[in-house]
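What follows is a single structure, written as structure tokens, with notes after it.
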Amino acid sequence: MSRRDVAMVAGEPSGDLLASHVVAELLRRVDDLHCVGIGGAHMREAGFEAWWDSERLAVNGFAAVLPRLPELLRMRASLRSRLLREPPAVFVGVDAPDFNLALEARLREGGIPTVHFVSPSIWAWRRERIRHIERAVDHLLCVFPFEPELYAGTRVRASYIGHPLAEVIPMHPDAAAARLRLGLDEGAAAAGVLALLPGSRAGEVRHIAPSFFDAAARLQRARGLRVLVAAAHRGLLPALHEAAARHPDLQLQWVQGDSHTVLESCDLALVASGTATLECALYKRPMVIGYRLPWLSWRLMKDRGYLPWVGLPNILAGEGLVDELLQQACTGESLAGHAQALLDDAPRRRRLGERFEQMHASLLRPTAALAAQAIAEAGRL
């Protein structure tokens, strides 16, 4: 490595997608630059050299981390040693705060400038993290407009750069074109299209997918909906197929690695809490949010939360725009009931679309360019 390199770590598919646009912009701006570290398929397509794949960081909840902890600690120690031995111009941690903040603190002590892309959700839970962020991060790139104010009075430089997905997702999606890309016939429009996005990590899929497929089976029987399943990556297929097999009469179309087309094509989505809820809002699609965790993880997270919502659309709106069915409430019967009510309420769907369009406009900035500029300045590239 050299001082012309940018080292990055992105965790799980959402971080990989967010970072890929920044990688492409950095490589466009800076000659002879190498972006290296931990990333996924989207980053590799943009020109990133992945030493490890970001899927290895995709662990869901405190309890699920424990069996993987030795592997994750070894990976982080190996990466830290390599970067301290051959320092890059700058290190960029993309989300994954449990992995990245400790790594960033050590690299910063070693004289490597650090940028963290996506503020940890201290506004939702674990506010004590702000002290860790102060020790670890030189420049924090925030994707929501209310976040920089949270760091006023700290030594962290926090900048709002907009959300990269607001640039990528069209303000006015084209459902008919998306259905054509997926090979759906004209009957799909008449029947209606339901999208299932039951998570991007194997642990959460195992807990969430059974309820989602149960709900889909109920909705297909009641309304004849076409059902699309968005699989974030191939590694999730065994857990998804196992859950779907409990409903042999359920007709499904599987789509791997293209959740955006699935969301653009649908009339309504069942979505696991996370970045996918924001993607669904940016596509102006009505949704029901469902989420389950292992019992211990749920208890630990529930007791440390500060907000009455978990879904990003509700957090950004400051109100419960979207139905959230969490833990014991996340059953197939309840999900299907809330989805049916939403499908039968055209005025509410219209109001949601209007609010989501306002949300989209508030998040729209030249995010990749602003992030690349901040990273280049931190590394003096």
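Lettering and numbering for the structure tokens are positional, with chains as A, B, ... in the shown order, residues counted from 1 in each chain, and ligands counted from 1 in the shown order.
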
Using only C-alpha atoms, which protein or nucleic acid residues come within 12 Å of A:Thr277? Drop anything in the same chain fewer than 5 positions from it, and give the result as an MDAnalysis selection string. chainID A and resid 14 165 196:199 259:260 263 268:272 282:291 310:316 321:324 356

Please give the complete set of residues from stretch 20-262 of chain A that DSSP, run on the backbone, assigns to strand (DSSP E), formatted as a ChimeraX atom specification. /A:34-39,49-53,90-94,114-117,139-142,157-160,193-197,226-231,253-256

Sorted by chain and rising residue number, which residues of stretch 166-259 of chain A lie within 12 Å of stretch 333-355 of chain A, and what are their closest atom pairs and distances in Å to one decimal, counting only C-alpha atoms, as a Markdown table?
| residue | atom | partner | partner_atom | distance |
| --- | --- | --- | --- | --- |
| A:Met171 | CA | A:Gly353 | CA | 10.8 |
| A:His172 | CA | A:Gly353 | CA | 10.3 |
| A:Pro173 | CA | A:Gly353 | CA | 11.3 |
| A:Ala191 | CA | A:Leu343 | CA | 11.9 |
| A:Gly192 | CA | A:Leu343 | CA | 9.6 |
| A:Val193 | CA | A:Leu343 | CA | 11.0 |
| A:Leu194 | CA | A:Ala339 | CA | 9.6 |
| A:Ala195 | CA | A:Ala339 | CA | 11.3 |
| A:Leu196 | CA | A:Leu335 | CA | 11.4 |
| A:Ile208 | CA | A:Leu335 | CA | 11.3 |
| A:Ala209 | CA | A:Leu335 | CA | 11.8 |
| A:Pro210 | CA | A:Glu333 | CA | 11.4 |
| A:Ser211 | CA | A:Leu335 | CA | 7.8 |
| A:Phe212 | CA | A:Leu335 | CA | 7.4 |
| A:Phe213 | CA | A:Ala336 | CA | 9.9 |
| A:Asp214 | CA | A:Glu333 | CA | 7.4 |
| A:Ala215 | CA | A:Ala336 | CA | 4.7 |
| A:Ala216 | CA | A:Ala336 | CA | 7.1 |
| A:Ala217 | CA | A:Ala336 | CA | 8.8 |
| A:Arg218 | CA | A:Ala336 | CA | 6.5 |
| A:Leu219 | CA | A:Ala336 | CA | 6.1 |
| A:Gln220 | CA | A:Ala336 | CA | 9.8 |
| A:Arg221 | CA | A:Ala336 | CA | 10.9 |
| A:Ala222 | CA | A:Gln340 | CA | 9.0 |
| A:Arg223 | CA | A:Gln340 | CA | 8.9 |
| A:Leu225 | CA | A:Leu343 | CA | 11.1 |

Using backbone DSSP assignments, extract all helix (DSSP H, G or I) residues from stretch 231-350 of chain A; output them as a PyMOL selection string. chain A and resi 234-244+259-265+275-282+295-302+312-317+327-329+332-343+346-350

Excluding stretch 18-26 of chain A and any residue of its chain fewer than 2 positions from it, enumerate the residues within 10 Å of it, using only C-alpha atoms, and give them as a count of residues only. 48

Write out as a compact mmCIF listing (two decimals) with C-alpha atoms, in the first residue's frame the residues lying within 12 Å of A:Ala105, counting only C-alpha atoms and excluding same-chain residues fewer than 2 positions away.
# COMPACT_ATOMS: atom_id res chain seq x y z
CA ARG A 80 -5.36 -3.26 11.66
CA LEU A 84 -0.54 0.26 10.46
CA PHE A 91 -9.30 5.13 6.33
CA VAL A 92 -13.07 5.17 5.72
CA GLY A 93 -15.40 3.14 7.88
CA PRO A 97 -19.84 0.81 13.95
CA ASP A 98 -19.25 -2.17 16.25
CA PHE A 99 -16.44 -3.30 13.93
CA ASN A 100 -15.22 0.06 12.64
CA LEU A 101 -15.08 2.44 15.60
CA ALA A 102 -12.51 0.44 17.56
CA LEU A 103 -10.48 -0.05 14.38
CA LEU A 107 -5.62 3.72 13.22
CA ARG A 108 -6.11 7.33 14.29
CA GLU A 109 -3.65 6.79 17.16
CA GLY A 110 -1.24 5.53 14.50
CA GLY A 111 -1.50 8.78 12.55
CA ILE A 112 -3.97 7.67 9.87
CA PRO A 113 -6.83 10.15 9.21
CA THR A 114 -10.25 8.56 9.71
CA VAL A 115 -13.59 9.27 8.08
CA HIS A 116 -16.77 7.50 9.14
CA ARG A 131 -17.49 9.34 23.28
CA HIS A 132 -16.17 6.43 21.20
CA ILE A 133 -16.86 8.42 18.05
CA GLU A 134 -14.89 11.39 19.43
CA ARG A 135 -11.85 9.16 20.00
CA ALA A 136 -12.11 7.40 16.64
CA VAL A 137 -13.33 9.78 13.95
CA ASP A 138 -11.85 12.90 12.37

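Each of A:Asp5, A:Glu104, A:Leu72, A:Gly162 was compared to A:Ala361 using only C-alpha atoms, and A:Gly162 turns out to be the nearest.
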